[in-house]
file input_32.txt (compact mmCIF, C-alpha atoms and all ligand atoms)
# COMPACT_ATOMS: atom_id res chain seq x y z
CA MET G 27 123.07 80.38 226.52
CA THR G 28 119.87 79.42 228.39
CA PRO G 29 116.57 80.39 226.80
CA THR G 30 116.07 83.03 229.55
CA ALA G 31 119.49 84.55 228.97
CA LEU G 32 118.73 84.61 225.28
CA ALA G 33 115.45 86.44 225.89
CA GLU G 34 117.19 88.96 228.17
CA ALA G 35 119.94 89.53 225.67
CA ALA G 36 117.34 90.09 223.03
CA LEU G 37 115.29 92.47 225.15
CA PRO G 38 117.11 95.76 224.52
CA VAL G 39 116.98 95.07 220.81
CA CYS G 40 113.17 95.23 220.90
CA ASP G 41 113.30 98.68 222.45
CA ALA G 42 116.12 99.98 220.29
CA PRO G 43 115.27 102.34 217.43
CA PRO G 44 115.70 100.86 213.97
CA PRO G 45 119.26 101.23 212.66
CA PRO G 46 119.74 104.40 210.62
CA PRO G 47 119.57 103.75 206.87
CA ARG G 48 123.01 103.28 205.34
CA ARG G 49 124.32 106.42 203.78
CA ILE G 50 126.49 106.47 200.68
CA PRO G 51 128.78 109.49 200.97
CA TRP G 52 129.80 111.56 197.98
CA ALA G 53 133.50 110.95 198.62
CA LYS G 54 135.61 108.88 200.98
CA PRO G 55 139.39 108.68 201.35
CA THR G 56 141.07 105.28 200.92
CA LEU G 57 143.36 104.93 203.94
CA VAL G 58 144.22 101.27 203.65
CA GLY G 59 148.03 101.36 203.50
CA ARG G 60 150.78 102.48 205.85
CA GLU G 61 149.27 105.90 206.65
CA ARG G 62 149.15 105.14 210.36
CA ASP G 63 152.66 103.69 210.47
CA TYR G 64 154.17 106.63 208.65
CA VAL G 65 152.38 109.24 210.76
CA LEU G 66 153.63 107.51 213.92
CA GLU G 67 157.11 107.30 212.42
CA ALA G 68 157.06 111.04 211.75
CA LEU G 69 155.73 111.74 215.24
CA GLU G 70 158.29 109.56 216.96
CA SER G 71 161.13 110.98 214.89
CA SER G 72 160.13 114.44 216.18
CA TRP G 73 160.28 115.71 212.56
CA ILE G 74 156.78 117.12 212.55
CA SER G 75 157.25 120.33 210.53
CA GLY G 76 159.69 119.81 207.68
CA GLY G 77 161.26 116.37 207.31
CA PRO G 78 162.01 113.29 205.24
CA PHE G 79 158.41 112.51 204.22
CA VAL G 80 158.11 115.96 202.64
CA ASP G 81 161.33 115.32 200.70
CA ARG G 82 160.07 111.91 199.64
CA LEU G 83 156.69 113.24 198.49
CA GLU G 84 158.47 115.97 196.52
CA LYS G 85 160.48 113.29 194.70
CA GLU G 86 157.83 110.64 194.18
CA VAL G 87 154.89 112.73 192.96
CA PRO G 88 156.83 114.49 190.16
CA ALA G 89 158.60 111.22 189.27
CA ARG G 90 155.27 109.48 188.87
CA MET G 91 153.96 112.35 186.72
CA GLY G 92 157.08 112.73 184.63
CA VAL G 93 157.89 116.31 185.61
CA GLY G 94 161.11 117.76 186.96
CA HIS G 95 160.22 119.43 190.26
CA GLY G 96 157.58 119.32 192.98
CA VAL G 97 157.07 121.85 195.77
CA ALA G 98 154.80 120.59 198.55
CA VAL G 99 152.47 123.15 200.10
CA ALA G 100 149.75 123.47 202.72
CA ASN G 101 146.81 122.97 200.32
CA GLY G 102 145.71 123.30 196.71
CA THR G 103 144.69 126.92 197.13
CA ALA G 104 148.15 127.83 198.45
CA ALA G 105 149.53 125.97 195.40
CA LEU G 106 147.62 128.33 193.09
CA HIS G 107 148.60 131.37 195.14
CA LEU G 108 152.24 130.28 194.98
CA ALA G 109 152.06 129.65 191.22
CA LEU G 110 150.73 133.17 190.57
CA LEU G 111 153.30 134.78 192.87
CA GLY G 112 156.05 132.67 191.34
CA LEU G 113 155.22 134.08 187.92
CA GLY G 114 155.18 137.60 189.35
CA ILE G 115 151.52 138.19 188.57
CA GLY G 116 149.88 141.12 190.34
CA PRO G 117 147.99 144.39 189.94
CA GLY G 118 147.43 145.46 186.32
CA ASP G 119 147.74 141.88 185.04
CA GLU G 120 144.82 139.90 183.64
CA VAL G 121 144.34 136.21 184.33
CA ILE G 122 141.91 134.08 182.31
CA VAL G 123 139.95 131.54 184.35
CA PRO G 124 137.02 129.31 183.31
CA ALA G 125 133.60 130.70 184.22
CA PHE G 126 132.64 127.24 185.53
CA THR G 127 135.23 126.21 188.09
CA PHE G 128 135.96 125.40 191.69
CA ILE G 129 136.54 128.88 193.04
CA ALA G 130 140.19 128.74 194.16
CA ALA G 131 141.71 129.84 190.82
CA ALA G 132 139.42 132.89 190.73
CA ASN G 133 140.06 133.69 194.39
CA MET G 134 143.84 133.50 194.10
CA THR G 135 143.81 135.65 190.96
CA LEU G 136 142.08 138.36 192.98
CA MET G 137 144.24 137.73 196.06
CA VAL G 138 147.40 138.67 194.14
CA GLY G 139 145.65 141.83 192.96
CA ALA G 140 145.27 140.75 189.33
CA THR G 141 142.15 141.21 187.19
CA LEU G 142 139.91 138.19 186.77
CA VAL G 143 138.78 137.50 183.19
CA ALA G 144 136.24 134.69 182.85
CA ALA G 145 136.15 132.58 179.68
CA ASP G 146 133.50 130.07 178.68
CA ILE G 147 133.80 126.30 178.76
CA ASP G 148 133.17 123.57 176.22
CA PRO G 149 129.62 122.19 176.38
CA GLU G 150 130.51 118.50 176.75
CA GLY G 151 133.73 118.24 178.74
CA TRP G 152 133.06 121.43 180.79
CA CYS G 153 136.65 122.71 180.76
CA LEU G 154 138.12 125.96 179.38
CA ASP G 155 137.19 126.57 175.71
CA PRO G 156 140.34 127.65 173.78
CA ASP G 157 138.32 129.59 171.16
CA ASP G 158 136.64 131.67 173.84
CA VAL G 159 139.98 132.20 175.58
CA ALA G 160 141.50 133.49 172.31
CA LYS G 161 138.84 136.23 172.15
CA ARG G 162 139.72 137.47 175.63
CA ILE G 163 143.50 137.76 175.33
CA THR G 164 144.83 141.30 175.62
CA GLN G 165 148.23 142.95 176.04
CA ARG G 166 147.72 142.58 179.78
CA THR G 167 146.95 138.86 179.88
CA LYS G 168 149.70 137.33 182.04
CA ALA G 169 148.35 133.83 182.70
CA ILE G 170 145.70 131.36 181.58
CA ILE G 171 144.43 128.87 184.17
CA PRO G 172 142.65 125.86 182.71
CA VAL G 173 140.92 124.00 185.55
CA HIS G 174 140.72 120.28 184.82
CA LEU G 175 137.33 119.38 186.29
CA TYR G 176 136.15 116.04 187.70
CA GLY G 177 139.12 114.14 186.24
CA ASN G 178 138.87 115.59 182.74
CA ILE G 179 141.65 117.67 181.15
CA ALA G 180 141.05 120.87 179.17
CA ALA G 181 141.99 120.97 175.47
CA MET G 182 145.67 121.51 176.25
CA GLU G 183 147.06 121.35 172.73
CA PRO G 184 145.21 124.47 171.49
CA LEU G 185 145.65 126.19 174.86
CA LEU G 186 149.41 125.61 174.83
CA ARG G 187 149.55 126.86 171.25
CA LEU G 188 147.68 130.02 172.25
CA GLY G 189 149.97 130.55 175.22
CA GLU G 190 153.04 130.12 173.07
CA ALA G 191 151.79 132.45 170.33
CA HIS G 192 151.16 135.23 172.84
CA GLY G 193 153.94 134.49 175.34
CA ILE G 194 151.43 133.76 178.10
CA PRO G 195 152.21 131.05 180.67
CA ILE G 196 149.63 128.35 181.36
CA ILE G 197 148.97 127.38 184.98
CA GLU G 198 147.08 124.08 185.10
CA ASP G 199 144.82 123.68 188.12
CA ALA G 200 144.97 119.90 188.16
CA ALA G 201 143.53 119.42 191.66
CA GLU G 202 140.73 117.24 190.29
CA ALA G 203 142.77 115.48 187.63
CA ALA G 204 145.80 114.07 189.42
CA PHE G 205 147.25 111.27 187.25
CA SER G 206 144.81 111.81 184.39
CA THR G 207 146.71 112.03 181.10
CA TYR G 208 146.33 113.98 177.84
CA GLN G 209 148.11 112.47 174.83
CA GLY G 210 150.06 110.47 177.37
CA ARG G 211 151.20 113.49 179.41
CA ALA G 212 150.10 113.89 183.01
CA ALA G 213 147.70 116.67 184.00
CA GLY G 214 149.63 119.55 185.51
CA THR G 215 152.86 118.80 183.64
CA MET G 216 152.08 120.40 180.28
CA GLY G 217 151.83 124.07 181.23
CA ARG G 218 154.49 126.23 182.85
CA ILE G 219 153.20 125.23 186.29
CA GLY G 220 150.69 122.66 187.55
CA THR G 221 148.94 122.73 190.89
CA PHE G 222 147.42 119.92 192.93
CA SER G 223 145.33 119.48 196.07
CA PHE G 224 145.57 116.58 198.51
CA HIS G 225 142.31 117.45 200.28
CA ALA G 226 140.40 114.52 201.80
CA THR G 227 138.15 114.17 198.74
CA LYS G 228 140.96 114.18 196.19
CA THR G 229 142.50 111.19 194.40
CA ILE G 230 145.56 111.19 196.67
CA THR G 231 145.02 112.79 200.04
CA THR G 232 146.99 114.11 202.98
CA GLY G 233 143.92 115.58 204.71
CA GLU G 234 144.93 119.09 203.72
CA GLY G 235 147.87 119.50 201.38
CA GLY G 236 148.95 120.36 197.88
CA MET G 237 151.79 120.57 195.43
CA VAL G 238 153.12 122.75 192.65
CA VAL G 239 155.02 121.05 189.83
CA THR G 240 157.16 122.50 187.07
CA ASP G 241 159.96 121.50 184.72
CA ASP G 242 161.74 124.81 185.26
CA GLY G 243 164.40 124.42 187.95
CA ALA G 244 164.92 128.14 188.50
CA LEU G 245 161.18 128.66 188.87
CA ALA G 246 161.00 125.76 191.36
CA GLU G 247 163.71 127.46 193.46
CA ARG G 248 161.76 130.69 193.40
CA LEU G 249 158.59 128.85 194.46
CA ARG G 250 160.46 127.27 197.38
CA LYS G 251 161.67 130.64 198.49
CA ILE G 252 158.20 132.22 198.38
CA ARG G 253 156.85 129.19 200.26
CA ASP G 254 159.47 129.78 202.92
CA HIS G 255 159.15 133.43 204.06
CA GLY G 256 161.28 134.60 201.13
CA MET G 257 164.31 133.63 203.19
CA ARG G 258 167.71 132.94 201.64
CA LYS G 259 168.84 129.34 202.08
CA ASP G 260 172.41 130.40 202.80
CA ARG G 261 171.66 133.32 205.10
CA ARG G 262 169.25 132.77 207.98
CA TYR G 263 166.70 135.53 208.62
CA TRP G 264 167.73 137.35 205.46
CA HIS G 265 164.67 137.99 203.27
CA ASP G 266 165.11 139.05 199.65
CA ILE G 267 161.40 139.21 198.95
CA VAL G 268 158.10 139.62 200.78
CA ALA G 269 156.59 136.15 201.00
CA HIS G 270 154.51 133.55 202.79
CA ASN G 271 154.71 130.36 204.78
CA PHE G 272 152.95 127.81 202.55
CA ARG G 273 154.83 124.74 203.81
CA MET G 274 153.43 121.23 204.20
CA PRO G 275 154.17 119.52 207.53
CA ASN G 276 156.09 116.22 207.60
CA LEU G 277 153.24 114.64 209.60
CA VAL G 278 150.93 115.34 206.69
CA ALA G 279 153.41 114.31 203.98
CA ALA G 280 153.67 110.95 205.79
CA ILE G 281 150.05 110.24 204.83
CA GLY G 282 150.76 111.21 201.23
CA CYS G 283 153.73 108.81 200.99
CA ALA G 284 151.51 105.96 202.16
CA GLN G 285 148.83 106.96 199.67
CA LEU G 286 151.30 106.89 196.79
CA GLU G 287 152.20 103.29 197.59
CA LYS G 288 148.55 102.44 196.85
CA LEU G 289 148.25 104.65 193.81
CA ASP G 290 147.92 101.86 191.24
CA ALA G 291 145.10 100.23 193.20
CA ILE G 292 143.36 103.59 193.69
CA ILE G 293 143.56 104.33 189.96
CA ALA G 294 142.29 100.83 189.06
CA GLU G 295 139.32 101.12 191.42
CA ARG G 296 138.41 104.56 190.10
CA ALA G 297 138.48 103.11 186.57
CA ARG G 298 136.17 100.30 187.68
CA VAL G 299 133.77 102.79 189.28
CA GLN G 300 133.75 104.91 186.14
CA ALA G 301 133.08 101.92 183.86
CA ALA G 302 130.26 100.67 186.08
CA TYR G 303 128.60 104.10 186.17
CA ARG G 304 128.86 104.50 182.40
CA ARG G 305 127.21 101.12 181.80
CA HIS G 306 124.23 102.01 183.98
CA LEU G 307 123.93 105.66 182.92
CA ALA G 308 123.82 104.71 179.24
CA GLY G 309 120.37 103.26 179.90
CA ILE G 310 118.90 106.38 181.54
CA ASP G 311 117.08 108.84 179.28
CA GLY G 312 117.57 112.55 179.85
CA VAL G 313 121.09 112.46 181.29
CA ARG G 314 124.57 112.63 179.80
CA ALA G 315 127.80 111.92 181.65
CA GLN G 316 130.73 114.31 181.25
CA LEU G 317 132.46 113.65 177.94
CA PHE G 318 136.21 113.03 177.77
CA ALA G 319 138.03 113.79 174.54
CA PRO G 320 139.87 110.84 172.93
CA GLU G 321 143.19 112.42 173.99
CA VAL G 322 142.20 112.17 177.65
CA LYS G 323 142.70 109.11 179.79
CA PRO G 324 140.98 110.19 182.97
CA VAL G 325 141.54 109.15 186.54
CA LEU G 326 137.98 109.95 187.47
CA TRP G 327 137.61 112.29 190.43
CA ALA G 328 133.82 112.52 190.49
CA LEU G 329 131.24 111.09 188.14
CA ALA G 330 129.40 114.17 186.90
CA VAL G 331 126.24 114.10 184.80
CA GLN G 332 124.20 116.75 183.09
CA LEU G 333 120.39 116.72 183.14
CA LEU G 334 119.28 117.47 179.58
CA ALA G 335 115.55 118.26 179.82
CA PRO G 336 114.45 121.91 179.42
CA GLU G 337 113.26 121.91 183.06
CA ALA G 338 116.59 120.55 184.34
CA ALA G 339 117.75 123.71 186.10
CA GLU G 340 114.53 124.11 188.11
CA ARG G 341 114.27 120.45 189.04
CA ARG G 342 117.87 119.47 189.75
CA GLN G 343 117.44 120.09 193.47
CA ALA G 344 114.37 117.84 193.55
CA VAL G 345 116.37 115.05 191.91
CA MET G 346 119.15 115.51 194.47
CA ASP G 347 116.58 115.49 197.29
CA THR G 348 115.14 112.19 196.05
CA LEU G 349 118.63 110.65 196.08
CA GLU G 350 119.26 112.09 199.55
CA GLN G 351 116.07 110.45 200.84
CA GLU G 352 117.59 107.12 199.82
CA GLY G 353 120.81 107.95 201.66
CA ILE G 354 122.77 108.92 198.56
CA GLU G 355 124.81 112.11 198.85
CA THR G 356 125.26 114.15 195.67
CA ARG G 357 126.68 117.58 194.85
CA PRO G 358 125.50 120.25 192.44
CA GLY G 359 127.80 121.68 189.77
CA PHE G 360 129.81 124.74 190.79
CA TYR G 361 128.00 128.07 190.58
CA ASP G 362 129.35 129.85 187.53
CA LEU G 363 131.30 133.01 188.36
CA ALA G 364 128.49 135.28 187.10
CA GLN G 365 126.18 134.01 189.88
CA LEU G 366 128.64 134.75 192.69
CA PRO G 367 128.51 138.35 193.96
CA PRO G 368 132.19 139.06 194.68
CA TYR G 369 133.56 138.33 191.20
CA GLY G 370 131.71 140.74 188.94
CA CYS G 371 131.87 138.39 185.96
CA PRO G 372 129.40 138.53 183.06
CA ALA G 373 127.22 135.47 182.38
CA LEU G 374 128.66 133.20 179.70
CA PRO G 375 126.15 130.91 178.01
CA VAL G 376 127.72 127.46 178.30
CA ALA G 377 128.98 127.93 181.85
CA ALA G 378 125.59 129.33 182.90
CA LYS G 379 123.78 126.28 181.57
CA VAL G 380 126.24 123.63 182.76
CA SER G 381 126.41 125.21 186.21
CA ARG G 382 122.65 124.82 186.66
CA THR G 383 122.18 121.36 185.19
CA VAL G 384 125.18 119.31 186.34
CA LEU G 385 125.36 117.19 189.44
CA SER G 386 127.90 114.66 190.64
CA LEU G 387 127.37 111.23 192.15
CA PRO G 388 129.31 109.34 194.85
CA THR G 389 132.77 108.41 193.57
CA TYR G 390 135.49 106.69 195.59
CA PRO G 391 137.65 103.57 195.23
CA ASP G 392 135.73 101.24 197.51
CA LEU G 393 132.28 102.10 196.18
CA SER G 394 130.93 98.67 195.22
CA ASP G 395 129.36 97.70 191.90
CA ALA G 396 126.18 96.89 193.83
CA ASP G 397 126.12 100.39 195.32
CA ILE G 398 126.62 101.91 191.87
CA ALA G 399 123.74 99.85 190.50
CA PHE G 400 121.56 101.00 193.43
CA ILE G 401 122.55 104.67 192.95
CA CYS G 402 121.73 104.51 189.24
CA ARG G 403 118.41 102.80 189.92
CA VAL G 404 117.40 105.54 192.34
CA PHE G 405 118.75 108.18 189.95
CA ALA G 406 116.70 106.78 187.04
CA HIS G 407 113.61 106.73 189.27
CA ALA G 408 114.23 110.35 190.33
CA ILE G 409 114.63 111.46 186.70
CA ARG G 410 111.29 109.89 185.75
CA ARG G 411 109.51 111.05 188.88
CA HIS G 412 110.50 114.68 188.26
CA GLY G 413 109.62 114.51 184.58
CA LEU G 414 113.17 114.85 183.26
CA GLY G 415 113.30 111.76 181.05
CA HIS G 416 112.85 112.21 177.33
C1 LIG G 501 140.04 121.07 195.68
C2 LIG G 501 140.36 122.06 194.63
C3 LIG G 501 141.20 123.16 194.87
C4 LIG G 501 141.59 123.60 196.24
O1 LIG G 501 142.31 122.71 196.97
P1 LIG G 501 142.37 122.85 198.55
O2 LIG G 501 143.42 121.84 198.90
O3 LIG G 501 141.04 122.49 199.08
O4 LIG G 501 142.78 124.23 198.88
C5 LIG G 501 141.55 123.97 193.82
N1 LIG G 501 141.09 123.74 192.60
C6 LIG G 501 140.27 122.72 192.31
C7 LIG G 501 139.82 122.51 190.93
C8 LIG G 501 139.85 121.86 193.33
O5 LIG G 501 139.01 120.88 193.07
call {"tool": "encode", "arguments": {"input": "input_32.txt", "output": "structure tokens", "more": "lines below"}}
Ligand SMILES: *Cc1c(COP(=O)(O)O)cnc(C)c1O
result
Amino acid sequence: MTPTALAEAALPVCDAPPPPPRRIPWAKPTLVGRERDYVLEALESSWISGGPFVDRLEKEVPARMGVGHGVAVANGTAALHLALLGLGIGPGDEVIVPAFTFIAAANMTLMVGATLVAADIDPEGWCLDPDDVAKRITQRTKAIIPVHLYGNIAAMEPLLRLGEAHGIPIIEDAAEAAFSTYQGRAAGTMGRIGTFSFHATKTITTGEGGMVVTDDGALAERLRKIRDHGMRKDRRYWHDIVAHNFRMPNLVAAIGCAQLEKLDAIIAERARVQAAYRRHLAGIDGVRAQLFAPEVKPVLWALAVQLLAPEAAERRQAVMDTLEQEGIETRPGFYDLAQLPPYGCPALPVAAKVSRTVLSLPTYPDLSDADIAFICRVFAHAIRRHGLGH
């Protein structure tokens, strides 16, 4: 290049606005395998509704989790809806849900016409507290839904014992805990039914998608039927029951099959991210990361931390704003059910506090150690700046 050409080439750069600061998103799917190949294969095969990738996903996910049956559905919310319908839960029945939760379990409880009963959570792991659940069981309790938040798993041993003692099925909402284990058993496989989401932010994604798993073959058949218009398999257009279409398309399952091939790498990277965060966060006063019980081996979904200072609730947004100014996206904890107008739930002390003081930091497999160090540096600065250190 001649010097003049060089100058001309450089010219627009002088006028150009500075590049936007790099943004670290809160979540990001890892689409580094054969997602594209499989989607094209599904497209070219013309199997775009049902098809072989759905069958494959329904074999491979339960096999990996060590559970008998998997029923693929349109999303994680449909999975919960299907689980409740599959157990015949409806008007007059009570369903116990944690007061601090992603909303789907509460919504689907109300959608089937059942009564929502909120129970409090444990103050360190932020999942359903079995002692509080025990106090809320009545003759009408027909299901308990522990929601395994951020990769953690609720105290399943006491919850299963409670369920057994009272003849109440446990539905595990394991959307945020796919492949986490509790005493060696996979999240979602310990209760009567487990539900999963494959939303773009989740550990394994299909864009939108979900699955219900169970060891009960007859229940799995019933779930398939409800998923499929209530139609008899052996008699077309004959409907034994009033039902839905909750099916997952083959095009979408294709992405899930590719994701599963990378599952070990995804799990390993999430473990690395978790370890790196914990190293840095240990040195920041005034914050505590979510605590996992010794029984739990988490596949971290999102690194969540609680601000411990008395002013935490009022200043959490300011901390999040400071991170945002540095291009770091964070999310607040879920509103507890008592704060949300449609649910009519009373305030429960632990959920109320956790809801107002928790936030979660960017978590995804290709988040680098350098990015994690940067995030924690900015986070530590924000904590001090807003007077939330000890
Ligand atoms: C994501 C999520 C759901 C809902 O899944 P969708 O696929 O978005 O419908 C349900 N429960 C929990 C705990 C979730 O995190």
call {"tool": "residues_near_ligand", "arguments": {"input": "input_32.txt", "ligand": "ligand LIG 501 (chain G)", "cutoff": "7 Å", "atoms": "only C-alpha atoms and all ligand atoms", "output": "count of residues only"}}
result
23
call {"tool": "residues_near_point", "arguments": {"input": "input_32.txt", "point": "(154.9, 129.8, 201.0)", "cutoff": "9 Å", "atoms": "all atoms listed in the file", "output": "number ranges by chain"}}
result
G: 99-100, 104-105, 107-108, 249-256, 269-273
call {"tool": "closest_residue", "arguments": {"input": "input_32.txt", "among": "G:Thr240, G:Gln365, G:Asn276, G:Ser386", "to": "Val97 in chain G", "atoms": "only C-alpha atoms"}}
result
G:Thr240
call {"tool": "closest_residue", "arguments": {"input": "input_32.txt", "among": "G:Thr356, G:Ser381, G:Gln332, G:Gln351", "to": "Pro47 in chain G", "atoms": "all atoms listed in the file"}}
result
G:Gln351
call {"tool": "atom_distance", "arguments": {"input": "input_32.txt", "atom1": "CA of Ala53 in chain G", "atom2": "CA of Leu329 in chain G"}}
result
10.7 Å
call {"tool": "closest_residue", "arguments": {"input": "input_32.txt", "among": "G:Val121, G:Leu245, G:Ala204, G:Val325", "to": "Glu295 in chain G", "atoms": "all atoms listed in the file"}}
result
G:Val325
call {"tool": "atom_distance", "arguments": {"input": "input_32.txt", "atom1": "CA of Thr389 in chain G", "atom2": "CA of Val299 in chain G"}}
result
7.1 Å
call {"tool": "atom_distance", "arguments": {"input": "input_32.txt", "atom1": "CA of Val331 in chain G", "atom2": "CA of Leu387 in chain G"}}
result
8.0 Å
call {"tool": "closest_residue", "arguments": {"input": "input_32.txt", "among": "G:His95, G:Arg218, G:Arg410, G:Arg187", "to": "Ala246 in chain G", "atoms": "all atoms listed in the file"}}
result
G:His95
call {"tool": "closest_residue", "arguments": {"input": "input_32.txt", "among": "G:Glu350, G:Glu120, G:Asp260, G:Asp157", "to": "Pro195 in chain G", "atoms": "all atoms listed in the file"}}
result
G:Glu120
call {"tool": "residues_around", "arguments": {"input": "input_32.txt", "residues": "Leu363 in chain G", "least_positions_apart": "3", "cutoff": "7 Å", "atoms": "all atoms listed in the file", "output": "list in words"}}
result
Ala125, Phe126, Leu366, Tyr369 and Cys371 of chain G
call {"tool": "residues_near_point", "arguments": {"input": "input_32.txt", "point": "(107.3, 115.5, 188.5)", "cutoff": "12 Å", "atoms": "only C-alpha atoms", "output": "PDB file with C-alpha atoms, in the frame of the given file"}}
result
ATOM      1  CA  GLU G 337     113.260 121.910 183.060  1.00  0.00           C
ATOM      2  CA  ALA G 338     116.590 120.550 184.340  1.00  0.00           C
ATOM      3  CA  GLU G 340     114.530 124.110 188.110  1.00  0.00           C
ATOM      4  CA  ARG G 341     114.270 120.450 189.040  1.00  0.00           C
ATOM      5  CA  ARG G 342     117.870 119.470 189.750  1.00  0.00           C
ATOM      6  CA  ALA G 344     114.370 117.840 193.550  1.00  0.00           C
ATOM      7  CA  VAL G 345     116.370 115.050 191.910  1.00  0.00           C
ATOM      8  CA  THR G 348     115.140 112.190 196.050  1.00  0.00           C
ATOM      9  CA  HIS G 407     113.610 106.730 189.270  1.00  0.00           C
ATOM     10  CA  ALA G 408     114.230 110.350 190.330  1.00  0.00           C
ATOM     11  CA  ILE G 409     114.630 111.460 186.700  1.00  0.00           C
ATOM     12  CA  ARG G 410     111.290 109.890 185.750  1.00  0.00           C
ATOM     13  CA  ARG G 411     109.510 111.050 188.880  1.00  0.00           C
ATOM     14  CA  HIS G 412     110.500 114.680 188.260  1.00  0.00           C
ATOM     15  CA  GLY G 413     109.620 114.510 184.580  1.00  0.00           C
ATOM     16  CA  LEU G 414     113.170 114.850 183.260  1.00  0.00           C
ATOM     17  CA  GLY G 415     113.300 111.760 181.050  1.00  0.00           C
TER      18      GLY G 415
END
call {"tool": "residues_around", "arguments": {"input": "input_32.txt", "residues": "Lys85 in chain G", "least_positions_apart": "6", "cutoff": "12 Å", "atoms": "all atoms listed in the file", "output": "PDB file with C-alpha atoms, keeping the file's coordinate frame"}}
result
ATOM      1  CA  PRO G  78     162.010 113.290 205.240  1.00  0.00           C
ATOM      2  CA  PHE G  79     158.410 112.510 204.220  1.00  0.00           C
ATOM      3  CA  MET G  91     153.960 112.350 186.720  1.00  0.00           C
ATOM      4  CA  GLY G  92     157.080 112.730 184.630  1.00  0.00           C
ATOM      5  CA  VAL G  93     157.890 116.310 185.610  1.00  0.00           C
ATOM      6  CA  GLY G  94     161.110 117.760 186.960  1.00  0.00           C
ATOM      7  CA  HIS G  95     160.220 119.430 190.260  1.00  0.00           C
ATOM      8  CA  GLY G  96     157.580 119.320 192.980  1.00  0.00           C
ATOM      9  CA  VAL G  97     157.070 121.850 195.770  1.00  0.00           C
ATOM     10  CA  ALA G  98     154.800 120.590 198.550  1.00  0.00           C
ATOM     11  CA  MET G 237     151.790 120.570 195.430  1.00  0.00           C
ATOM     12  CA  VAL G 239     155.020 121.050 189.830  1.00  0.00           C
ATOM     13  CA  ALA G 279     153.410 114.310 203.980  1.00  0.00           C
ATOM     14  CA  GLY G 282     150.760 111.210 201.230  1.00  0.00           C
ATOM     15  CA  CYS G 283     153.730 108.810 200.990  1.00  0.00           C
ATOM     16  CA  LEU G 286     151.300 106.890 196.790  1.00  0.00           C
TER      17      LEU G 286
END
call {"tool": "closest_residue", "arguments": {"input": "input_32.txt", "among": "G:Gly151, G:Gly76, G:Gly139, G:Pro275", "to": "Tyr176 in chain G", "atoms": "all atoms listed in the file"}}
result
G:Gly151
call {"tool": "residues_around", "arguments": {"input": "input_32.txt", "residues": "range 109-115 of chain G", "least_positions_apart": "3", "cutoff": "7 Å", "atoms": "all atoms listed in the file", "output": "short mmCIF file (atom, residue, chain, number, x, y, z; two decimals) with C-alpha atoms, in the frame of the given file"}}
result
data_model
loop_
_atom_site.label_atom_id
_atom_site.label_comp_id
_atom_site.auth_asym_id
_atom_site.auth_seq_id
_atom_site.Cartn_x
_atom_site.Cartn_y
_atom_site.Cartn_z
CA ALA G 105 149.53 125.97 195.40
CA LEU G 106 147.62 128.33 193.09
CA ASP G 119 147.74 141.88 185.04
CA VAL G 138 147.40 138.67 194.14
CA ALA G 140 145.27 140.75 189.33
CA LYS G 168 149.70 137.33 182.04
CA ILE G 219 153.20 125.23 186.29
CA LEU G 245 161.18 128.66 188.87
CA ARG G 248 161.76 130.69 193.40
CA LEU G 249 158.59 128.85 194.46
#
call {"tool": "residues_around", "arguments": {"input": "input_32.txt", "residues": "Val159 in chain G", "least_positions_apart": "2", "cutoff": "9 Å", "atoms": "only C-alpha atoms", "output": "ChimeraX atom specification"}}
result
/G:122-124,144-146,154-157,161-163,170,185,188
call {"tool": "residues_around", "arguments": {"input": "input_32.txt", "residues": "range 205-214 of chain G", "least_positions_apart": "2", "cutoff": "10 Å", "atoms": "only C-alpha atoms", "output": "compact mmCIF listing (two decimals) with C-alpha atoms, keeping the file's coordinate frame"}}
result
# COMPACT_ATOMS: atom_id res chain seq x y z
CA VAL G 87 154.89 112.73 192.96
CA PRO G 88 156.83 114.49 190.16
CA ARG G 90 155.27 109.48 188.87
CA MET G 91 153.96 112.35 186.72
CA GLY G 92 157.08 112.73 184.63
CA VAL G 93 157.89 116.31 185.61
CA PRO G 172 142.65 125.86 182.71
CA VAL G 173 140.92 124.00 185.55
CA HIS G 174 140.72 120.28 184.82
CA GLY G 177 139.12 114.14 186.24
CA ASN G 178 138.87 115.59 182.74
CA ILE G 179 141.65 117.67 181.15
CA ALA G 180 141.05 120.87 179.17
CA ALA G 181 141.99 120.97 175.47
CA MET G 182 145.67 121.51 176.25
CA GLU G 183 147.06 121.35 172.73
CA ILE G 196 149.63 128.35 181.36
CA ILE G 197 148.97 127.38 184.98
CA GLU G 198 147.08 124.08 185.10
CA ASP G 199 144.82 123.68 188.12
CA ALA G 200 144.97 119.90 188.16
CA ALA G 201 143.53 119.42 191.66
CA GLU G 202 140.73 117.24 190.29
CA ALA G 203 142.77 115.48 187.63
CA MET G 216 152.08 120.40 180.28
CA GLY G 217 151.83 124.07 181.23
CA ARG G 218 154.49 126.23 182.85
CA ILE G 219 153.20 125.23 186.29
CA GLY G 220 150.69 122.66 187.55
CA THR G 221 148.94 122.73 190.89
CA PHE G 222 147.42 119.92 192.93
CA THR G 229 142.50 111.19 194.40
CA ILE G 230 145.56 111.19 196.67
CA VAL G 238 153.12 122.75 192.65
CA VAL G 239 155.02 121.05 189.83
CA THR G 240 157.16 122.50 187.07
CA LEU G 289 148.25 104.65 193.81
CA ILE G 293 143.56 104.33 189.96
CA ALA G 319 138.03 113.79 174.54
CA PRO G 320 139.87 110.84 172.93
CA GLU G 321 143.19 112.42 173.99
CA VAL G 322 142.20 112.17 177.65
CA LYS G 323 142.70 109.11 179.79
CA PRO G 324 140.98 110.19 182.97
CA VAL G 325 141.54 109.15 186.54
CA LEU G 326 137.98 109.95 187.47
CA TRP G 327 137.61 112.29 190.43
